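For reference, model.cif (mmCIF, C-alpha atoms and all ligand atoms):
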```
data_coords
loop_
_atom_site.label_atom_id
_atom_site.label_comp_id
_atom_site.auth_asym_id
_atom_site.auth_seq_id
_atom_site.Cartn_x
_atom_site.Cartn_y
_atom_site.Cartn_z
CA MET A 32 -0.46 44.90 43.95
CA LYS A 33 -1.10 44.25 47.63
CA ALA A 34 -4.20 45.10 49.65
CA VAL A 35 -4.26 45.29 53.44
CA ILE A 36 -7.81 44.83 54.74
CA ILE A 37 -8.80 45.76 58.27
CA GLY A 38 -11.80 43.82 59.57
CA ALA A 39 -12.94 40.26 58.87
CA GLY A 40 -16.66 41.00 58.88
CA MET A 41 -18.83 40.36 55.85
CA GLY A 42 -17.45 43.46 54.09
CA GLY A 43 -13.75 42.81 54.64
CA LEU A 44 -14.00 39.12 53.82
CA SER A 45 -16.06 39.71 50.67
CA ALA A 46 -13.49 42.27 49.55
CA GLY A 47 -10.67 39.85 50.35
CA ILE A 48 -12.26 37.10 48.26
CA ALA A 49 -13.07 39.53 45.43
CA LEU A 50 -9.53 40.92 45.20
CA LYS A 51 -7.89 37.50 45.47
CA GLN A 52 -10.14 36.40 42.59
CA ILE A 53 -8.42 38.91 40.29
CA GLY A 54 -4.93 38.01 41.46
CA LEU A 55 -4.10 40.66 44.06
CA ASP A 56 -2.10 39.82 47.17
CA VAL A 57 -4.39 40.31 50.15
CA GLU A 58 -3.79 40.42 53.90
CA VAL A 59 -6.75 40.55 56.31
CA TYR A 60 -6.35 41.71 59.92
CA GLU A 61 -9.06 41.32 62.54
CA GLN A 62 -9.09 42.55 66.13
CA VAL A 63 -11.07 39.69 67.66
CA THR A 64 -9.40 36.40 68.42
CA GLU A 65 -12.29 34.16 67.28
CA ASN A 66 -15.32 34.14 64.95
CA LYS A 67 -18.14 35.54 67.10
CA PRO A 68 -20.61 37.55 65.00
CA VAL A 69 -22.97 39.90 66.82
CA GLY A 70 -26.59 39.15 65.96
CA ALA A 71 -28.44 36.03 64.94
CA ALA A 72 -29.12 36.24 61.22
CA ILE A 73 -29.58 38.63 58.33
CA SER A 74 -31.66 38.68 55.21
CA VAL A 75 -29.37 38.65 52.23
CA TRP A 76 -31.54 40.26 49.56
CA SER A 77 -31.17 39.28 45.91
CA ASN A 78 -28.48 41.93 45.26
CA GLY A 79 -26.36 40.52 48.10
CA VAL A 80 -26.93 36.94 46.91
CA LYS A 81 -25.83 37.94 43.41
CA CYS A 82 -22.60 39.31 44.89
CA LEU A 83 -21.99 36.07 46.82
CA ASN A 84 -22.73 34.08 43.66
CA HIS A 85 -20.22 36.27 41.80
CA LEU A 86 -17.64 35.41 44.48
CA GLY A 87 -18.16 31.72 43.68
CA LEU A 88 -20.43 30.96 46.63
CA GLU A 89 -23.71 30.18 44.89
CA SER A 90 -24.37 26.68 46.21
CA GLU A 91 -22.93 27.43 49.67
CA THR A 92 -25.21 30.47 50.08
CA ALA A 93 -28.28 28.57 48.87
CA ALA A 94 -27.52 25.80 51.37
CA LEU A 95 -27.57 28.29 54.28
CA GLY A 96 -30.61 30.23 53.09
CA GLY A 97 -34.20 29.91 54.19
CA ILE A 98 -36.91 29.63 51.56
CA VAL A 99 -39.24 32.62 51.66
CA ASP A 100 -42.14 31.92 49.31
CA THR A 101 -44.60 34.42 50.78
CA MET A 102 -44.67 37.56 52.86
CA SER A 103 -47.39 38.68 55.26
CA TYR A 104 -48.25 41.50 57.64
CA VAL A 105 -50.37 40.67 60.66
CA ASP A 106 -52.14 43.05 63.03
CA GLY A 107 -50.04 42.64 66.17
CA LEU A 108 -52.96 43.18 68.52
CA THR A 109 -55.72 41.11 66.89
CA GLY A 110 -53.64 38.55 64.99
CA ASP A 111 -55.69 39.29 61.84
CA THR A 112 -53.77 38.98 58.57
CA MET A 113 -53.53 42.42 56.97
CA CYS A 114 -52.03 41.12 53.72
CA ARG A 115 -50.27 38.04 52.37
CA PHE A 116 -48.65 37.69 48.96
CA SER A 117 -46.19 35.65 46.94
CA MET A 118 -42.51 36.61 46.59
CA GLN A 119 -42.43 35.05 43.12
CA PRO A 120 -42.95 38.32 41.18
CA LEU A 121 -39.90 39.81 42.93
CA ILE A 122 -37.76 36.72 42.28
CA GLU A 123 -38.75 36.77 38.61
CA GLU A 124 -38.14 40.50 38.22
CA VAL A 125 -34.68 40.59 39.77
CA GLY A 126 -33.66 37.07 38.75
CA GLN A 127 -32.56 35.85 42.17
CA ARG A 128 -34.25 34.53 45.31
CA PRO A 129 -33.25 36.32 48.55
CA TYR A 130 -31.85 34.18 51.38
CA PRO A 131 -32.15 34.86 55.10
CA VAL A 132 -29.09 33.21 56.70
CA ALA A 133 -27.61 32.71 60.17
CA ARG A 134 -24.84 35.24 60.73
CA ALA A 135 -22.41 32.74 62.21
CA GLU A 136 -22.88 30.46 59.21
CA LEU A 137 -22.47 33.30 56.69
CA GLN A 138 -19.35 34.45 58.50
CA LEU A 139 -17.89 30.94 58.54
CA MET A 140 -18.66 30.48 54.84
CA LEU A 141 -16.83 33.72 53.99
CA MET A 142 -13.89 32.90 56.26
CA GLU A 143 -13.48 29.48 54.69
CA ALA A 144 -13.80 30.90 51.17
CA TYR A 145 -11.14 33.51 51.93
CA GLY A 146 -8.95 31.03 53.82
CA MET A 147 -9.25 30.75 57.60
CA ALA A 148 -5.51 30.34 58.03
CA ASP A 149 -4.90 33.55 56.09
CA ILE A 150 -6.85 35.74 58.54
CA ASN A 151 -4.64 37.47 61.07
CA PHE A 152 -6.74 37.40 64.26
CA GLY A 153 -6.00 39.38 67.42
CA LYS A 154 -4.69 42.35 65.42
CA LYS A 155 -6.32 45.60 66.46
CA MET A 156 -5.47 48.51 64.21
CA VAL A 157 -4.68 51.66 66.18
CA ALA A 158 -3.41 53.91 63.36
CA VAL A 159 -3.32 54.15 59.58
CA SER A 160 -1.11 56.36 57.45
CA ASP A 161 -0.51 56.99 53.82
CA GLY A 162 2.66 57.67 51.85
CA PRO A 163 3.68 58.25 48.24
CA ASP A 164 4.31 54.56 47.53
CA SER A 165 2.35 52.64 50.16
CA ALA A 166 -0.09 52.82 53.07
CA THR A 167 0.72 51.50 56.53
CA VAL A 168 -1.34 50.20 59.40
CA THR A 169 -0.13 50.03 63.00
CA PHE A 170 -1.54 47.49 65.43
CA ALA A 171 -1.99 47.63 69.19
CA ASP A 172 0.87 45.15 69.64
CA GLY A 173 3.22 47.61 67.94
CA SER A 174 3.53 45.63 64.70
CA THR A 175 2.74 47.14 61.29
CA ALA A 176 1.46 46.03 57.88
CA GLU A 177 2.14 47.77 54.60
CA GLY A 178 0.32 47.53 51.29
CA ASP A 179 -0.20 49.39 48.05
CA PHE A 180 -3.53 50.33 49.59
CA VAL A 181 -5.54 49.81 52.78
CA ILE A 182 -9.24 48.98 52.96
CA GLY A 183 -10.86 49.89 56.26
CA ALA A 184 -13.71 47.41 56.61
CA ASP A 185 -13.64 48.10 60.33
CA GLY A 186 -17.37 48.47 60.89
CA ALA A 187 -19.72 51.09 62.24
CA ARG A 188 -17.23 52.64 64.68
CA SER A 189 -14.49 52.73 62.05
CA LEU A 190 -11.13 54.28 62.83
CA THR A 191 -10.31 54.30 59.11
CA ARG A 192 -13.37 56.49 58.50
CA GLU A 193 -11.98 59.03 60.94
CA TYR A 194 -8.69 59.03 59.03
CA VAL A 195 -10.38 59.36 55.62
CA LEU A 196 -12.74 62.15 56.72
CA GLY A 197 -10.18 63.87 58.92
CA HIS A 198 -12.58 63.96 61.87
CA PRO A 199 -14.80 61.60 63.87
CA ALA A 200 -18.37 61.18 62.59
CA GLU A 201 -21.26 61.24 65.05
CA ARG A 202 -23.75 58.40 64.66
CA ARG A 203 -27.47 58.98 65.32
CA TYR A 204 -29.71 56.87 67.56
CA ALA A 205 -32.66 55.76 65.40
CA GLY A 206 -35.08 55.56 68.33
CA TYR A 207 -35.48 51.84 68.80
CA VAL A 208 -33.89 48.71 70.15
CA ASN A 209 -33.86 45.43 68.21
CA PHE A 210 -33.99 42.09 70.05
CA ASN A 211 -33.09 39.16 67.82
CA GLY A 212 -32.35 35.45 67.87
CA LEU A 213 -33.18 32.06 66.39
CA VAL A 214 -35.99 29.61 67.27
CA GLU A 215 -37.28 26.40 65.77
CA VAL A 216 -39.95 26.96 63.10
CA ASP A 217 -43.43 26.92 64.63
CA ASP A 218 -46.67 27.32 62.65
CA ALA A 219 -48.27 28.96 65.66
CA ILE A 220 -45.93 31.92 65.08
CA GLY A 221 -45.92 31.95 61.28
CA PRO A 222 -45.89 29.58 58.28
CA ALA A 223 -42.57 27.81 57.65
CA THR A 224 -41.88 29.46 54.27
CA GLU A 225 -43.23 32.92 55.03
CA TRP A 226 -41.66 36.15 56.22
CA THR A 227 -44.31 37.10 58.80
CA THR A 228 -44.36 40.57 60.35
CA TYR A 229 -46.68 41.61 63.19
CA VAL A 230 -47.18 45.38 63.51
CA ALA A 231 -49.01 47.70 65.90
CA ASP A 232 -48.30 50.80 68.03
CA GLY A 233 -45.08 51.59 66.15
CA LYS A 234 -43.60 48.23 67.19
CA ARG A 235 -42.73 45.25 65.04
CA VAL A 236 -42.21 41.52 65.51
CA SER A 237 -40.93 39.46 62.62
CA VAL A 238 -39.95 35.89 61.79
CA MET A 239 -38.32 34.61 58.63
CA PRO A 240 -37.06 31.12 57.79
CA ILE A 241 -33.37 30.20 57.60
CA ALA A 242 -31.92 26.74 56.83
CA ASP A 243 -32.49 23.73 59.10
CA ASN A 244 -36.05 24.44 60.18
CA ARG A 245 -35.22 27.65 62.09
CA PHE A 246 -36.79 31.08 62.24
CA TYR A 247 -34.73 34.24 62.55
CA PHE A 248 -36.85 36.45 64.80
CA PHE A 249 -36.66 40.08 65.83
CA PHE A 250 -38.65 42.51 67.94
CA ASP A 251 -38.36 46.29 67.50
CA VAL A 252 -39.16 48.30 70.62
CA THR A 253 -39.07 52.10 70.61
CA MET A 254 -37.36 53.42 73.74
CA PRO A 255 -34.81 56.03 74.72
CA GLU A 256 -31.13 55.30 74.14
CA GLY A 257 -29.01 53.81 76.89
CA GLN A 258 -31.68 52.03 78.97
CA PRO A 259 -30.20 49.50 81.40
CA PHE A 260 -30.54 45.86 80.34
CA GLU A 261 -29.32 42.68 81.95
CA ARG A 262 -28.48 39.91 79.47
CA GLY A 263 -30.81 36.96 79.97
CA THR A 264 -33.88 39.09 80.77
CA ALA A 265 -35.21 39.50 77.21
CA ARG A 266 -38.31 37.41 77.90
CA GLU A 267 -39.46 39.69 80.74
CA VAL A 268 -38.71 42.86 78.76
CA LEU A 269 -40.53 41.58 75.67
CA ALA A 270 -43.48 40.18 77.67
CA GLU A 271 -43.95 43.64 79.17
CA ASN A 272 -43.58 45.50 75.88
CA PHE A 273 -45.85 43.13 73.96
CA ALA A 274 -48.49 42.44 76.64
CA GLY A 275 -51.87 41.87 74.99
CA TRP A 276 -50.36 41.16 71.56
CA ALA A 277 -51.58 38.28 69.40
CA PRO A 278 -51.06 34.60 70.39
CA GLY A 279 -48.31 34.12 67.74
CA VAL A 280 -46.23 36.83 69.42
CA GLN A 281 -46.80 35.34 72.89
CA LYS A 282 -45.74 31.95 71.55
CA LEU A 283 -42.51 33.44 70.21
CA ILE A 284 -41.77 35.14 73.54
CA ASP A 285 -42.32 31.81 75.35
CA LYS A 286 -40.19 29.93 72.87
CA LEU A 287 -37.12 32.18 72.58
CA ASP A 288 -33.99 31.49 74.55
CA PRO A 289 -33.27 34.61 76.66
CA ALA A 290 -29.64 33.57 77.08
CA THR A 291 -28.98 33.81 73.33
CA THR A 292 -31.33 36.68 72.49
CA ASN A 293 -29.36 39.74 71.39
CA ARG A 294 -30.29 43.33 72.19
CA VAL A 295 -29.01 45.99 69.79
CA GLU A 296 -29.56 49.75 69.95
CA ILE A 297 -30.05 50.90 66.37
CA LEU A 298 -27.94 53.78 65.07
CA ASP A 299 -27.07 55.13 61.66
CA LEU A 300 -24.89 57.78 60.10
CA ASP A 301 -25.64 60.56 57.63
CA PRO A 302 -24.31 59.54 54.20
CA PHE A 303 -20.96 61.06 53.23
CA HIS A 304 -19.22 60.99 49.90
CA THR A 305 -15.52 60.95 50.72
CA TRP A 306 -14.56 57.30 50.98
CA VAL A 307 -10.95 57.54 49.90
CA LYS A 308 -7.90 59.46 51.08
CA GLY A 309 -4.75 58.70 49.12
CA ARG A 310 -4.23 54.96 49.34
CA VAL A 311 -6.80 54.38 52.09
CA ALA A 312 -10.48 53.57 51.50
CA VAL A 313 -13.49 52.65 53.64
CA LEU A 314 -15.87 49.79 52.82
CA GLY A 315 -19.03 48.33 54.41
CA ASP A 316 -20.45 49.85 57.59
CA ALA A 317 -17.32 51.99 57.85
CA ALA A 318 -18.55 53.76 54.71
CA HIS A 319 -22.33 53.56 55.13
CA ASN A 320 -23.85 52.76 58.47
CA THR A 321 -27.57 52.17 58.08
CA THR A 322 -30.54 51.13 60.20
CA PRO A 323 -31.54 47.57 59.30
CA ASP A 324 -35.05 48.59 58.22
CA ILE A 325 -34.64 47.55 54.58
CA GLY A 326 -32.11 44.79 55.30
CA GLN A 327 -29.45 46.30 53.05
CA GLY A 328 -26.39 47.12 55.21
CA GLY A 329 -24.57 43.84 54.68
CA CYS A 330 -25.78 43.55 51.07
CA SER A 331 -24.34 46.99 50.43
CA ALA A 332 -21.00 45.89 51.93
CA MET A 333 -20.98 42.95 49.48
CA GLU A 334 -21.75 45.35 46.63
CA ASP A 335 -18.77 47.48 47.75
CA ALA A 336 -16.55 44.40 47.51
CA VAL A 337 -17.67 43.61 43.97
CA ALA A 338 -17.30 47.28 42.95
CA MET A 339 -13.78 47.28 44.41
CA GLN A 340 -12.96 44.22 42.31
CA PHE A 341 -14.31 45.86 39.15
CA ALA A 342 -12.32 49.04 39.88
CA PHE A 343 -9.03 47.10 40.19
CA SER A 344 -9.86 45.03 37.11
CA ASP A 345 -10.27 48.27 35.16
CA HIS A 346 -7.16 49.93 36.69
CA PRO A 347 -4.80 47.08 37.60
CA ASP A 348 -1.70 49.27 37.85
CA ASP A 349 -3.09 52.48 39.25
CA VAL A 350 -4.24 52.49 42.88
CA HIS A 351 -5.47 56.07 42.78
CA ALA A 352 -7.55 55.57 39.63
CA ALA A 353 -8.98 52.31 40.99
CA LEU A 354 -9.96 53.82 44.35
CA ALA A 355 -11.48 56.86 42.64
CA ALA A 356 -13.53 54.53 40.40
CA TYR A 357 -14.65 52.55 43.47
CA GLU A 358 -15.70 55.71 45.28
CA SER A 359 -17.62 57.13 42.37
CA ALA A 360 -19.39 53.79 41.75
CA ARG A 361 -20.56 53.45 45.33
CA THR A 362 -21.21 56.58 47.38
CA GLU A 363 -24.49 57.65 45.81
CA ARG A 364 -26.03 54.17 45.75
CA ALA A 365 -25.00 53.33 49.31
CA GLY A 366 -26.07 56.72 50.66
CA ASP A 367 -29.45 56.35 48.99
CA LEU A 368 -30.00 53.01 50.77
CA VAL A 369 -29.13 54.61 54.14
CA LEU A 370 -31.75 57.33 53.56
CA ARG A 371 -34.37 54.85 52.34
CA ALA A 372 -33.82 52.75 55.45
CA ARG A 373 -34.13 55.83 57.66
CA LYS A 374 -37.44 56.76 56.02
CA ARG A 375 -38.77 53.21 56.42
CA CYS A 376 -37.55 53.21 60.03
CA ASP A 377 -39.50 56.36 60.85
CA VAL A 378 -42.75 55.01 59.39
CA THR A 379 -42.39 51.58 61.01
CA HIS A 380 -41.59 53.05 64.42
CA ALA A 381 -44.24 55.79 64.48
CA LYS A 382 -42.04 58.86 64.42
CA ASP A 383 -45.20 60.49 63.05
CA PRO A 384 -48.07 58.34 64.41
CA GLU A 385 -50.47 59.54 61.68
CA ALA A 386 -48.13 58.39 58.92
CA THR A 387 -47.80 55.02 60.63
CA ALA A 388 -51.58 54.66 61.01
CA ALA A 389 -51.92 55.45 57.30
CA TRP A 390 -49.34 52.75 56.55
CA TYR A 391 -51.30 50.20 58.60
CA ASP A 392 -54.41 51.13 56.56
CA GLU A 393 -52.43 50.67 53.34
CA LEU A 394 -51.30 47.22 54.49
CA ARG A 395 -54.93 46.16 54.88
CA SER A 396 -55.56 46.80 51.17
CA GLU A 397 -52.15 45.67 49.91
CA ASP A 398 -51.93 42.91 47.30
CA GLY A 399 -48.13 42.88 47.37
CA THR A 400 -47.59 45.13 44.36
CA ARG A 401 -46.51 48.26 46.25
CA ILE A 402 -44.37 46.45 48.79
CA LEU A 403 -42.57 44.34 46.20
CA ARG A 404 -42.02 47.40 44.01
CA GLY A 405 -40.35 49.09 47.00
CA ILE A 406 -38.13 46.10 47.72
CA VAL A 407 -37.16 45.71 44.05
CA SER A 408 -36.15 49.37 43.95
CA ASN A 409 -33.78 48.72 46.90
CA ILE A 410 -32.33 45.65 45.21
CA VAL A 411 -31.53 47.13 41.79
CA GLY A 412 -28.76 49.67 41.19
CA GLY A 413 -25.68 47.84 42.48
CA PRO A 414 -22.64 46.63 40.52
CA LEU A 415 -24.45 43.50 39.31
CA THR A 416 -27.77 45.44 39.04
P1 LIG B 501 -18.77 44.43 60.63
O1 LIG B 501 -19.61 43.24 60.41
O2 LIG B 501 -19.06 45.28 61.83
O3 LIG B 501 -17.26 43.94 60.69
C1 LIG B 501 -16.22 44.82 61.04
C2 LIG B 501 -15.07 43.98 61.55
O4 LIG B 501 -13.95 44.84 61.77
C3 LIG B 501 -15.37 43.33 62.89
O5 LIG B 501 -15.08 41.95 62.82
C4 LIG B 501 -14.50 44.07 63.87
O6 LIG B 501 -14.08 43.26 64.97
C5 LIG B 501 -13.34 44.50 62.99
N1 LIG B 501 -12.66 45.71 63.47
C6 LIG B 501 -13.21 46.87 63.89
N2 LIG B 501 -12.27 47.74 64.27
C7 LIG B 501 -11.08 47.12 64.09
C8 LIG B 501 -9.73 47.51 64.31
N3 LIG B 501 -9.43 48.72 64.81
N4 LIG B 501 -8.75 46.64 64.02
C9 LIG B 501 -9.03 45.39 63.52
N5 LIG B 501 -10.29 44.97 63.30
C10 LIG B 501 -11.31 45.82 63.57
N6 LIG B 501 -27.71 43.79 56.68
C11 LIG B 501 -28.31 43.12 55.68
O7 LIG B 501 -27.80 43.12 54.55
N7 LIG B 501 -29.49 42.45 55.89
C12 LIG B 501 -30.08 42.39 57.11
O8 LIG B 501 -31.12 41.76 57.28
C13 LIG B 501 -29.46 43.07 58.19
N8 LIG B 501 -30.01 43.04 59.42
C14 LIG B 501 -29.40 43.71 60.45
C15 LIG B 501 -29.98 43.67 61.71
C16 LIG B 501 -29.40 44.36 62.77
C17 LIG B 501 -30.06 44.33 64.11
C18 LIG B 501 -28.20 45.09 62.54
C19 LIG B 501 -27.54 45.84 63.67
C20 LIG B 501 -27.61 45.13 61.30
C21 LIG B 501 -28.20 44.44 60.24
N9 LIG B 501 -27.63 44.44 58.96
C22 LIG B 501 -28.24 43.78 57.93
C23 LIG B 501 -26.39 45.21 58.68
C24 LIG B 501 -25.16 44.32 58.68
O9 LIG B 501 -25.05 43.61 59.89
C25 LIG B 501 -23.91 45.18 58.50
O10 LIG B 501 -24.11 46.08 57.45
C26 LIG B 501 -22.69 44.32 58.21
O11 LIG B 501 -22.41 43.51 59.32
C27 LIG B 501 -21.51 45.21 57.89
O12 LIG B 501 -20.37 44.41 57.68
P2 LIG B 501 -18.93 45.05 57.83
O13 LIG B 501 -17.99 43.95 57.47
O14 LIG B 501 -18.85 46.34 57.14
O15 LIG B 501 -18.82 45.40 59.38
#
```

Written as structure tokens, how would this file's structure read?
Amino acid sequence: MKAVIIGAGMGGLSAGIALKQIGLDVEVYEQVTENKPVGAAISVWSNGVKCLNHLGLESETAALGGIVDTMSYVDGLTGDTMCRFSMQPLIEEVGQRPYPVARAELQLMLMEAYGMADINFGKKMVAVSDGPDSATVTFADGSTAEGDFVIGADGARSLTREYVLGHPAERRYAGYVNFNGLVEVDDAIGPATEWTTYVADGKRVSVMPIADNRFYFFFDVTMPEGQPFERGTAREVLAENFAGWAPGVQKLIDKLDPATTNRVEILDLDPFHTWVKGRVAVLGDAAHNTTPDIGQGGCSAMEDAVAMQFAFSDHPDDVHAALAAYESARTERAGDLVLRARKRCDVTHAKDPEATAAWYDELRSEDGTRILRGIVSNIVGGPLT
């Protein structure tokens, strides 16, 4: 049984490792010529960490992860702490600590686990087709690859998705832009083992620890889509958007490196439930493109990979049965996470300012119970629960 995987992002690589683990032949093709992930870091929640552990990467993941012992919300304007609470109840309930990690380091870990030399770089898929006995991918250089099945892990603008659905799918601008990067840990911004989030006026500034004494930071700014931006000017843009905010936020703006600060317009896609056509399937952002508001897009891609492994373990000689099992295990769960993230996104970014003001009030009386319950409900429900 041979799988052809398009895309060496966290979804494609996790799937590659997962299928190799059960003895399938795997070929991975990636359009870029080098490992250059977009974005600074991600939070791998406990469900994602469990998937990485399952792929044999427990100690490697822990070594890259920051230790988040507490979580807090801070009034962005006054700097007053609205709530602060321990993460321990969540860790105990789900049985795994979450790990924020640098994207480049996560990507490198997955590439090395899959086998760097086995990744075919510089191969841009331009077409995919399906036949009675195999599926075939055509690349921009005119070459082709054939497998018993094809996994399109080709990201948010997936060509495979268009093939599987039979039409292009329109993504939706979520209403905000995310600026992100890495800085050295600084107590003036937030405690070293805390996920600190400043909120006010439908905007958000957050820092969370990753390995080696660094914070992953991000700023969410609501603005129309398609505003001009010159790379390297993040400090000016953020200083203007967060003028008058608390000293911790000003410190972060002073400290960040504008040259390495990323700016990402946030989009998502309505959930859809057809993930398979014949011998071709979508996985990761190609199948479920979410806003990052609950930090579950990449975790969900890892869950897809584990579910794909389970499906081929259960149906080792039947591609169609395996892909059908994969699809039915995943579409509802992944779609639910997209909709949860969208809901969270709207409250955080003041789509309805009254609802957001009510949320700020709730935060002032929060002891952690409600927030952790919400996060736990995102974490549970995947292939490893
Ligand atoms: P990608 O990472 O996009 O990889 C797709 C790969 O396919 C790319 O390498 C691309 O070059 C390749 N490719 C595309 N087209 C072709 C082609 N035609 N031929 C060959 N190769 C191709 N998730 C979390 O779990 N936690 C978080 O905290 C989190 N934070 C986020 C913050 C932001 C600002 C954003 C934007 C996203 C965040 N996410 C987070 C989501 C996460 O980044 C994605 O869900 C994840 O990267 C999806 O992985 P993927 O492998 O499906 O797609």

Within-8 Å residues of ligand LIG 501 (chain B), basis all atoms listed in the file, as a ChimeraX atom specification: /A:37-44,60-63,68-70,72-76,79,131,153-157,170,184-190,209-211,295-297,314-318,320-332

Å distance separating atom CA of A:Leu50 from atom CA of A:Gln340, one decimal place: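 About the pair atom CA of A:Leu50 and atom CA of A:Gln340: they are 5.6 Å apart.
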
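Counting only C-alpha atoms, the residue from A:Leu141, A:Tyr130, A:Asp106, A:Arg375 that sits nearest to A:Met239 is A:Tyr130.
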
Distance of atom CA of A:Asp149 from atom CA of A:Ser90, expressed in Å to one decimal place: 22.9 Å

Once you count all atoms listed in the file, what closest atom pair and distance in Å to one decimal does each residue of stretch 57-109 of chain A within 8 Å of stretch 259-276 of chain A have, with rows by chain and rising residue number, as a Markdown table?
```
| residue | atom | partner | partner_atom | distance |
| --- | --- | --- | --- | --- |
| A:Gly107 | CA | A:Trp276 | CA | 5.6 |
| A:Leu108 | CA | A:Trp276 | CA | 4.5 |
| A:Thr109 | CA | A:Trp276 | CA | 7.1 |
```

Coordinates-based distance that separates atom CA of A:Gln52 from atom CA of A:Tyr357 (Å, one decimal): 16.8 Å

Spatial neighbours of A:Asp301, 9 Å, all atoms listed in the file, chain gap at least 6 places, as an NGL selection string: :A and (200-203 or 319-321 or 366 or 369-370)

Residue contacts of A:Met118 (10 Å, all atoms listed in the file) excluding same-chain residues fewer than 5 positions away, as an NGL selection string: :A and (99-102 or 123 or 128-129 or 225-226 or 399 or 403)

Of the listed residues A:Ala388, A:Ala49, A:Ala381, A:Val208, that which approaches A:Gly87 most closely, counting only C-alpha atoms: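 That would be A:Ala49, the residue with the smallest distance to A:Gly87.
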
Minimum-distance residue to A:Asn151, chosen among A:Asp111, A:Asp288, A:Glu136, A:Glu65 (using all atoms listed in the file): A:Glu65

Please supply stretch 104-120 of chain A, rebuilt with N, CA and C atoms, as an mmCIF file, in the coordinates of the input.
```cif
data_model
loop_
_atom_site.group_PDB
_atom_site.id
_atom_site.type_symbol
_atom_site.label_atom_id
_atom_site.label_comp_id
_atom_site.auth_asym_id
_atom_site.auth_seq_id
_atom_site.Cartn_x
_atom_site.Cartn_y
_atom_site.Cartn_z
ATOM 1 N N TYR A 104 -48.170 40.590 56.498
ATOM 2 C CA TYR A 104 -48.250 41.500 57.640
ATOM 3 C C TYR A 104 -49.477 41.100 58.442
ATOM 4 N N VAL A 105 -49.308 41.099 59.748
ATOM 5 C CA VAL A 105 -50.370 40.670 60.660
ATOM 6 C C VAL A 105 -50.585 41.792 61.674
ATOM 7 N N ASP A 106 -51.849 42.067 61.987
ATOM 8 C CA ASP A 106 -52.140 43.050 63.030
ATOM 9 C C ASP A 106 -51.638 42.480 64.359
ATOM 10 N N GLY A 107 -50.683 43.167 64.969
ATOM 11 C CA GLY A 107 -50.040 42.640 66.170
ATOM 12 C C GLY A 107 -50.991 42.456 67.333
ATOM 13 N N LEU A 108 -52.038 43.246 67.374
ATOM 14 C CA LEU A 108 -52.960 43.180 68.520
ATOM 15 C C LEU A 108 -54.021 42.106 68.317
ATOM 16 N N THR A 109 -54.609 42.054 67.110
ATOM 17 C CA THR A 109 -55.720 41.110 66.890
ATOM 18 C C THR A 109 -55.259 39.780 66.309
ATOM 19 N N GLY A 110 -54.087 39.776 65.675
ATOM 20 C CA GLY A 110 -53.640 38.550 64.990
ATOM 21 C C GLY A 110 -54.265 38.394 63.609
ATOM 22 N N ASP A 111 -55.072 39.379 63.171
ATOM 23 C CA ASP A 111 -55.690 39.290 61.840
ATOM 24 C C ASP A 111 -54.639 39.549 60.757
ATOM 25 N N THR A 112 -54.701 38.757 59.692
ATOM 26 C CA THR A 112 -53.770 38.980 58.570
ATOM 27 C C THR A 112 -54.190 40.251 57.837
ATOM 28 N N MET A 113 -53.247 41.182 57.691
ATOM 29 C CA MET A 113 -53.530 42.420 56.970
ATOM 30 C C MET A 113 -53.324 42.203 55.474
ATOM 31 N N CYS A 114 -52.279 41.468 55.116
ATOM 32 C CA CYS A 114 -52.030 41.120 53.720
ATOM 33 C C CYS A 114 -51.083 39.921 53.662
ATOM 34 N N ARG A 115 -51.186 39.180 52.596
ATOM 35 C CA ARG A 115 -50.270 38.040 52.370
ATOM 36 C C ARG A 115 -50.100 37.917 50.856
ATOM 37 N N PHE A 116 -48.861 37.761 50.415
ATOM 38 C CA PHE A 116 -48.650 37.690 48.960
ATOM 39 C C PHE A 116 -47.381 36.908 48.643
ATOM 40 N N SER A 117 -47.309 36.470 47.402
ATOM 41 C CA SER A 117 -46.190 35.650 46.940
ATOM 42 C C SER A 117 -44.950 36.510 46.676
ATOM 43 N N MET A 118 -43.779 35.942 46.913
ATOM 44 C CA MET A 118 -42.510 36.610 46.590
ATOM 45 C C MET A 118 -42.109 36.365 45.130
ATOM 46 N N GLN A 119 -42.839 35.477 44.452
ATOM 47 C CA GLN A 119 -42.430 35.050 43.120
ATOM 48 C C GLN A 119 -42.250 36.222 42.132
ATOM 49 N N PRO A 120 -43.167 37.216 42.137
ATOM 50 C CA PRO A 120 -42.950 38.320 41.180
ATOM 51 C C PRO A 120 -41.610 39.025 41.393
#
```
